[in-house]
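> So here's upload24.tsv, just TSV, C-alpha atoms:
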```tsv
chain	number	residue	atom	x	y	z
A	87	MET	CA	38.85	155.86	79.70
A	88	ALA	CA	39.32	156.11	83.46
A	89	ASN	CA	39.08	152.38	84.18
A	90	THR	CA	42.22	150.41	84.86
A	91	LYS	CA	42.82	146.70	85.36
A	92	SER	CA	45.91	144.68	86.17
A	93	PHE	CA	46.87	141.54	84.27
A	94	TYR	CA	49.78	139.16	84.35
A	95	LEU	CA	51.13	138.82	80.81
A	96	PRO	CA	53.92	136.76	79.29
A	97	SER	CA	57.14	138.65	78.60
A	98	ASP	CA	56.81	138.44	74.81
A	99	VAL	CA	53.37	140.05	75.01
A	100	LEU	CA	54.67	142.79	77.27
A	101	GLU	CA	57.52	143.44	74.84
A	102	ALA	CA	55.08	143.71	71.94
A	103	ILE	CA	52.92	146.17	73.84
A	104	ALA	CA	55.95	148.25	74.82
A	105	ALA	CA	57.20	148.24	71.23
A	106	ALA	CA	53.84	149.49	69.97
A	107	GLY	CA	54.38	152.90	71.57
A	108	ASN	CA	50.79	153.61	72.56
A	109	GLY	CA	50.02	150.39	74.43
A	110	SER	CA	46.47	151.40	75.34
A	111	ALA	CA	45.52	152.10	71.72
A	112	TYR	CA	47.23	148.92	70.58
A	113	ILE	CA	45.35	146.71	73.04
A	114	THR	CA	42.05	148.48	72.33
A	115	ALA	CA	42.43	147.88	68.60
A	116	LEU	CA	43.29	144.23	69.10
A	117	VAL	CA	40.39	143.54	71.45
A	118	ARG	CA	37.88	145.39	69.28
A	119	HIS	CA	39.06	143.46	66.25
A	120	ASP	CA	38.63	140.19	68.15
A	121	VAL	CA	35.16	141.09	69.43
A	122	HIS	CA	34.09	142.16	65.94
A	123	ARG	CA	35.39	138.90	64.46
A	124	HIS	CA	33.40	136.84	66.99
A	125	ARG	CA	30.24	138.78	66.18
A	126	GLU	CA	30.82	138.22	62.47
A	127	LEU	CA	31.29	134.51	63.06
A	128	ALA	CA	28.09	134.27	65.07
A	129	LEU	CA	26.14	136.12	62.38
A	130	GLN	CA	27.64	133.94	59.66
A	131	ALA	CA	26.74	130.75	61.52
A	132	VAL	CA	23.13	131.90	61.73
A	133	ALA	CA	23.04	133.05	58.10
A	134	ASP	CA	24.13	129.62	56.86
A	135	HIS	CA	20.73	128.13	57.79
A	136	THR	CA	17.22	128.60	56.46
A	137	ASP	CA	14.38	129.97	58.55
A	138	ALA	CA	12.81	126.51	58.59
A	139	ASP	CA	16.08	125.01	59.88
A	140	ARG	CA	16.27	127.60	62.60
A	141	GLU	CA	12.68	127.16	63.66
A	142	ALA	CA	13.05	123.38	63.83
A	143	ALA	CA	16.22	123.71	65.90
A	144	ARG	CA	14.61	126.27	68.19
A	145	GLN	CA	11.63	124.01	68.72
A	146	TRP	CA	13.94	121.10	69.54
A	147	ALA	CA	15.89	123.28	71.98
A	148	ARG	CA	12.75	124.43	73.75
A	149	GLU	CA	11.55	120.85	74.09
A	150	GLN	CA	14.86	119.83	75.66
A	151	LEU	CA	14.78	122.70	78.15
A	152	ALA	CA	11.15	122.06	79.02
A	153	SER	CA	12.02	118.43	79.69
A	154	MET	CA	14.97	119.50	81.87
A	155	LYS	CA	12.70	121.77	83.87
A	156	ARG	CA	10.06	119.10	84.35
A	157	ARG	CA	12.66	116.66	85.60
A	158	PRO	CA	15.71	118.41	87.08
A	159	ALA	CA	18.79	116.19	87.14
A	160	ASP	CA	19.47	114.76	90.59
A	161	HIS	CA	22.68	112.75	90.90
A	162	ALA	CA	22.76	112.53	94.70
A	163	HIS	CA	22.84	108.74	94.72
A	164	VAL	CA	25.69	108.65	92.17
A	165	ARG	CA	27.62	111.25	94.16
A	166	GLU	CA	27.27	109.15	97.26
A	167	ALA	CA	28.24	105.93	95.48
A	168	LEU	CA	31.30	107.44	93.81
A	169	GLY	CA	32.35	109.84	96.57
A	170	ILE	CA	31.94	112.92	94.40
A	171	PRO	CA	31.27	116.14	96.34
A	172	LYS	CA	28.37	118.36	95.32
A	173	ALA	CA	29.50	121.54	93.61
A	174	SER	CA	28.91	124.62	95.72
B	107	MET	CA	23.04	130.70	89.07
B	108	ARG	CA	22.65	127.02	88.24
B	109	LEU	CA	24.91	125.03	85.93
B	110	ALA	CA	22.28	123.03	84.09
B	111	LEU	CA	24.21	121.37	81.30
B	112	VAL	CA	27.69	120.00	80.63
B	113	LEU	CA	28.91	119.76	77.04
B	114	ASP	CA	31.14	116.89	76.00
B	115	THR	CA	33.68	116.93	73.17
B	116	THR	CA	31.13	116.02	70.49
B	117	ALA	CA	28.88	118.90	71.57
B	118	VAL	CA	31.82	121.31	71.64
B	119	ALA	CA	32.80	120.20	68.13
B	120	ALA	CA	29.21	120.64	66.92
B	121	TYR	CA	29.15	124.21	68.21
B	122	ALA	CA	32.55	124.99	66.73
B	123	ARG	CA	31.37	123.94	63.26
B	124	GLY	CA	28.28	126.13	63.49
B	125	GLY	CA	25.75	123.53	64.62
B	126	LEU	CA	22.32	125.07	64.70
B	127	HIS	CA	20.69	122.80	67.28
B	128	ILE	CA	23.35	123.41	69.89
B	129	SER	CA	23.43	127.13	69.15
B	130	GLU	CA	19.69	127.37	69.70
B	131	LEU	CA	19.86	125.28	72.86
B	132	LEU	CA	22.55	127.47	74.39
B	133	ASP	CA	20.69	130.62	73.40
B	134	GLU	CA	17.49	129.33	74.97
B	135	LEU	CA	19.49	128.49	78.08
B	136	ARG	CA	20.56	132.13	78.19
B	137	GLU	CA	16.93	133.18	78.45
B	138	ASP	CA	16.52	130.85	81.44
B	139	ALA	CA	19.54	132.47	83.11
B	140	ASP	CA	21.21	129.08	83.51
B	141	LEU	CA	24.86	128.29	82.87
B	142	PHE	CA	26.38	125.54	80.79
B	143	GLY	CA	29.73	124.00	81.57
B	144	VAL	CA	32.51	123.03	79.20
B	145	PRO	CA	35.35	120.93	80.63
B	146	ASP	CA	38.64	122.41	79.45
B	147	VAL	CA	39.77	118.96	78.32
B	148	CYS	CA	36.79	118.82	75.93
B	149	LEU	CA	37.90	122.08	74.35
B	150	ALA	CA	41.38	120.62	73.99
B	151	GLN	CA	40.13	117.33	72.58
B	152	ALA	CA	37.83	119.07	70.10
B	153	ARG	CA	40.76	121.18	68.96
B	154	ALA	CA	42.91	118.07	68.60
B	155	GLN	CA	40.18	116.58	66.43
B	156	GLY	CA	40.14	119.58	64.12
B	157	ALA	CA	37.68	122.09	65.62
B	158	SER	CA	38.53	125.62	64.59
B	159	ARG	CA	40.17	128.00	67.04
B	160	ASP	CA	37.56	130.63	66.17
B	161	GLY	CA	34.70	128.24	66.84
B	162	LEU	CA	36.12	127.26	70.20
B	163	ALA	CA	36.75	130.91	71.08
B	164	LEU	CA	33.18	131.78	70.17
B	165	LEU	CA	31.90	129.13	72.55
B	166	GLN	CA	34.08	130.36	75.40
B	167	VAL	CA	32.88	133.95	75.08
B	168	HIS	CA	29.22	132.86	75.24
B	169	GLU	CA	27.80	134.76	78.19
B	170	ARG	CA	26.49	131.58	79.84
B	171	CYS	CA	29.63	129.50	79.29
B	172	HIS	CA	31.60	128.34	82.29
B	173	VAL	CA	34.87	126.59	81.45
B	174	LEU	CA	35.48	123.81	83.97
B	175	GLY	CA	38.94	122.79	85.11
B	176	SER	CA	40.05	119.29	85.88
B	177	PRO	CA	38.31	117.54	88.81
B	178	PRO	CA	40.41	116.31	91.74
B	179	PRO	CA	42.71	113.57	90.39
B	180	GLU	CA	41.53	110.82	92.75
B	181	ILE	CA	37.90	111.34	91.80
B	182	LEU	CA	38.72	111.69	88.12
B	183	GLY	CA	40.72	108.49	88.26
B	184	ASP	CA	37.96	106.56	90.02
B	185	VAL	CA	35.41	107.56	87.40
B	186	ALA	CA	37.86	107.07	84.51
B	187	ALA	CA	38.32	103.51	85.72
B	188	LEU	CA	34.61	103.02	84.98
B	189	CYS	CA	35.05	104.60	81.51
B	190	ASP	CA	37.79	102.33	80.12
B	191	GLY	CA	40.34	104.89	81.26
B	192	ASP	CA	38.78	107.71	79.21
B	193	LEU	CA	39.76	110.77	81.24
B	194	VAL	CA	37.83	113.21	79.07
B	195	ARG	CA	34.54	111.38	79.36
B	196	ALA	CA	35.22	110.91	83.07
B	197	ALA	CA	35.68	114.67	83.48
B	198	VAL	CA	32.34	115.30	81.76
B	199	LEU	CA	30.64	112.85	84.09
B	200	VAL	CA	32.25	114.16	87.28
B	201	HIS	CA	31.21	117.72	86.47
B	202	ALA	CA	27.67	116.71	85.52
B	203	ILE	CA	27.31	114.61	88.68
B	204	SER	CA	28.71	117.25	91.00
B	205	HIS	CA	26.46	119.98	89.55
B	206	ASP	CA	23.29	117.89	89.15
B	207	ALA	CA	23.50	118.75	85.46
B	208	TYR	CA	22.54	117.09	82.21
B	209	VAL	CA	25.13	115.92	79.68
B	210	LEU	CA	24.84	117.13	76.07
B	211	THR	CA	26.44	114.79	73.54
B	212	SER	CA	26.16	113.54	69.97
B	213	GLU	CA	27.11	110.07	71.22
B	214	PRO	CA	24.74	109.19	74.05
B	215	GLY	CA	25.48	105.50	73.65
B	216	LEU	CA	28.99	106.03	75.01
B	217	TYR	CA	27.50	107.26	78.27
B	218	ALA	CA	24.48	104.97	78.39
B	219	LYS	CA	26.61	101.85	78.25
B	220	LEU	CA	28.47	102.95	81.38
B	221	SER	CA	25.24	102.97	83.42
B	222	ILE	CA	26.58	105.73	85.64
B	223	LEU	CA	23.95	108.30	84.74
B	224	ASP	CA	20.31	107.68	84.01
B	225	GLU	CA	19.76	107.77	80.23
B	226	ALA	CA	17.21	110.50	80.83
B	227	ASP	CA	20.04	112.71	82.09
B	228	ILE	CA	21.78	112.60	78.72
B	229	ILE	CA	20.56	114.91	75.96
B	230	HIS	CA	21.14	113.54	72.49
B	231	LEU	CA	22.33	116.23	70.11
B	232	THR	CA	20.69	114.91	66.96
B	233	ASP	CA	20.76	115.70	63.26
B	234	ASP	CA	22.98	118.66	63.62
B	235	TRP	CA	23.98	120.47	60.45
B	236	PRO	CA	26.00	121.41	58.53
B	237	GLN	CA	27.93	118.15	58.60
```
Go ahead and express the file in the form of structure tokens.

Amino acid sequence: MANTKSFYLPSDVLEAIAAAGNGSAYITALVRHDVHRHRELALQAVADHTDADREAARQWAREQLASMKRRPADHAHVREALGIPKAS
Amino acid sequence: MRLALVLDTTAVAAYARGGLHISELLDELREDADLFGVPDVCLAQARAQGASRDGLALLQVHERCHVLGSPPPEILGDVAALCDGDLVRAAVLVHAISHDAYVLTSEPGLYAKLSILDEADIIHLTDDWPQ
């Protein structure tokens, strides 16, 4: 409970937090609810598929990543032609 | 940490509707400790096309997701001119080119016909379900 962070928030959000009385508890409840909802969504998305579906998709994914590793993308010539700087 | 993959709007939409192939791909990417990039305009376009807010939020909280802002306007404009003025597709290409990354899309033909990237640099997100 000792950690603090500073954020810039819109005035309507600040007003809502102030109106809640215990702002810390209010924000904690909201964030935990949001995190929980995202976890539920992720679990639901997985549960909608059969094991065979998942295995086929996983196999496809591994093939794509193996291919990417064998042949890393190199766009140096396109960067030069179009004047696009390389990301640092 | 390397940004290995840039998602376009079709890939974002596939994730937002619970696409299994893209979910597995991004999870496998996590094990490789690589990042994937999502141009903010693709998130916006997917939303405009009906992607759920929750699905888009889930993508953005993925631990390997890096949301990419708009490229410099002159560069974006130059590339958009090669894409029939399509600023969203141009943003995907600029980010992929600048990061030496692959593009993940359900519509590889839209990129292949531009002949900007090698077709081998475009990953075709196929047969995703549920539709």
> Report as a PyMOL selection string the set of chain A residues whose atoms approach chain B to within 9 Å, with distances computed over all atoms listed in the file.
chain A and resi 123-125+127-128+130-132+134-135+139-140+142-148+150-151+154+158-162+164-165+168-174
> Keeping only C-alpha atoms, take the residues you just selected and write them out as an mmCIF file, in the coordinates of the input.

```cif
data_model
loop_
_atom_site.group_PDB
_atom_site.id
_atom_site.type_symbol
_atom_site.label_atom_id
_atom_site.label_comp_id
_atom_site.auth_asym_id
_atom_site.auth_seq_id
_atom_site.Cartn_x
_atom_site.Cartn_y
_atom_site.Cartn_z
ATOM 1 C CA ARG A 123 35.390 138.900 64.460
ATOM 2 C CA HIS A 124 33.400 136.840 66.990
ATOM 3 C CA ARG A 125 30.240 138.780 66.180
ATOM 4 C CA LEU A 127 31.290 134.510 63.060
ATOM 5 C CA ALA A 128 28.090 134.270 65.070
ATOM 6 C CA GLN A 130 27.640 133.940 59.660
ATOM 7 C CA ALA A 131 26.740 130.750 61.520
ATOM 8 C CA VAL A 132 23.130 131.900 61.730
ATOM 9 C CA ASP A 134 24.130 129.620 56.860
ATOM 10 C CA HIS A 135 20.730 128.130 57.790
ATOM 11 C CA ASP A 139 16.080 125.010 59.880
ATOM 12 C CA ARG A 140 16.270 127.600 62.600
ATOM 13 C CA ALA A 142 13.050 123.380 63.830
ATOM 14 C CA ALA A 143 16.220 123.710 65.900
ATOM 15 C CA ARG A 144 14.610 126.270 68.190
ATOM 16 C CA GLN A 145 11.630 124.010 68.720
ATOM 17 C CA TRP A 146 13.940 121.100 69.540
ATOM 18 C CA ALA A 147 15.890 123.280 71.980
ATOM 19 C CA ARG A 148 12.750 124.430 73.750
ATOM 20 C CA GLN A 150 14.860 119.830 75.660
ATOM 21 C CA LEU A 151 14.780 122.700 78.150
ATOM 22 C CA MET A 154 14.970 119.500 81.870
ATOM 23 C CA PRO A 158 15.710 118.410 87.080
ATOM 24 C CA ALA A 159 18.790 116.190 87.140
ATOM 25 C CA ASP A 160 19.470 114.760 90.590
ATOM 26 C CA HIS A 161 22.680 112.750 90.900
ATOM 27 C CA ALA A 162 22.760 112.530 94.700
ATOM 28 C CA VAL A 164 25.690 108.650 92.170
ATOM 29 C CA ARG A 165 27.620 111.250 94.160
ATOM 30 C CA LEU A 168 31.300 107.440 93.810
ATOM 31 C CA GLY A 169 32.350 109.840 96.570
ATOM 32 C CA ILE A 170 31.940 112.920 94.400
ATOM 33 C CA PRO A 171 31.270 116.140 96.340
ATOM 34 C CA LYS A 172 28.370 118.360 95.320
ATOM 35 C CA ALA A 173 29.500 121.540 93.610
ATOM 36 C CA SER A 174 28.910 124.620 95.720
#
```
> May I ask for the distance between CA of Ser92 in chain A and CA of Thr114 in chain A, given in Å to one decimal place?
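These two atoms are separated by 14.9 Å.
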> Can you measure CA of Ala139 in chain B to CA of Met107 in chain B for me? One decimal in Å is fine.
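Separation of CA of Ala139 in chain B and CA of Met107 in chain B: 7.1 Å.
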> Identify, on the basis of all atoms listed in the file, every residue whose closest approach to Ile113 in chain A does not exceed 12 Å; exclude the query and any residue fewer than 3 positions from it along the same chain; express the result as a PyMOL selection string.
chain A and resi 99-100+102-104+106-110+116-120
> Those same residues - C-alpha atoms - I'd like them written as a CSV table (one decimal), in the coordinates of the input.

```csv
chain,number,residue,atom,x,y,z
A,99,VAL,CA,53.4,140.0,75.0
A,100,LEU,CA,54.7,142.8,77.3
A,102,ALA,CA,55.1,143.7,71.9
A,103,ILE,CA,52.9,146.2,73.8
A,104,ALA,CA,56.0,148.2,74.8
A,106,ALA,CA,53.8,149.5,70.0
A,107,GLY,CA,54.4,152.9,71.6
A,108,ASN,CA,50.8,153.6,72.6
A,109,GLY,CA,50.0,150.4,74.4
A,110,SER,CA,46.5,151.4,75.3
A,116,LEU,CA,43.3,144.2,69.1
A,117,VAL,CA,40.4,143.5,71.4
A,118,ARG,CA,37.9,145.4,69.3
A,119,HIS,CA,39.1,143.5,66.2
A,120,ASP,CA,38.6,140.2,68.2
```
> Suppose you want the space between CA of Arg156 in chain A and CA of Ala196 in chain B; what is it in Å?
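Separation of CA of Arg156 in chain A and CA of Ala196 in chain B: 26.5 Å.
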> Find, counting all atoms listed in the file, the residue in B:Ala117, B:Ala154, B:Leu149, B:Ala197 that gets nearest to Ser176 in chain B.
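Selected residue with least distance to Ser176 in chain B: B:Ala197.
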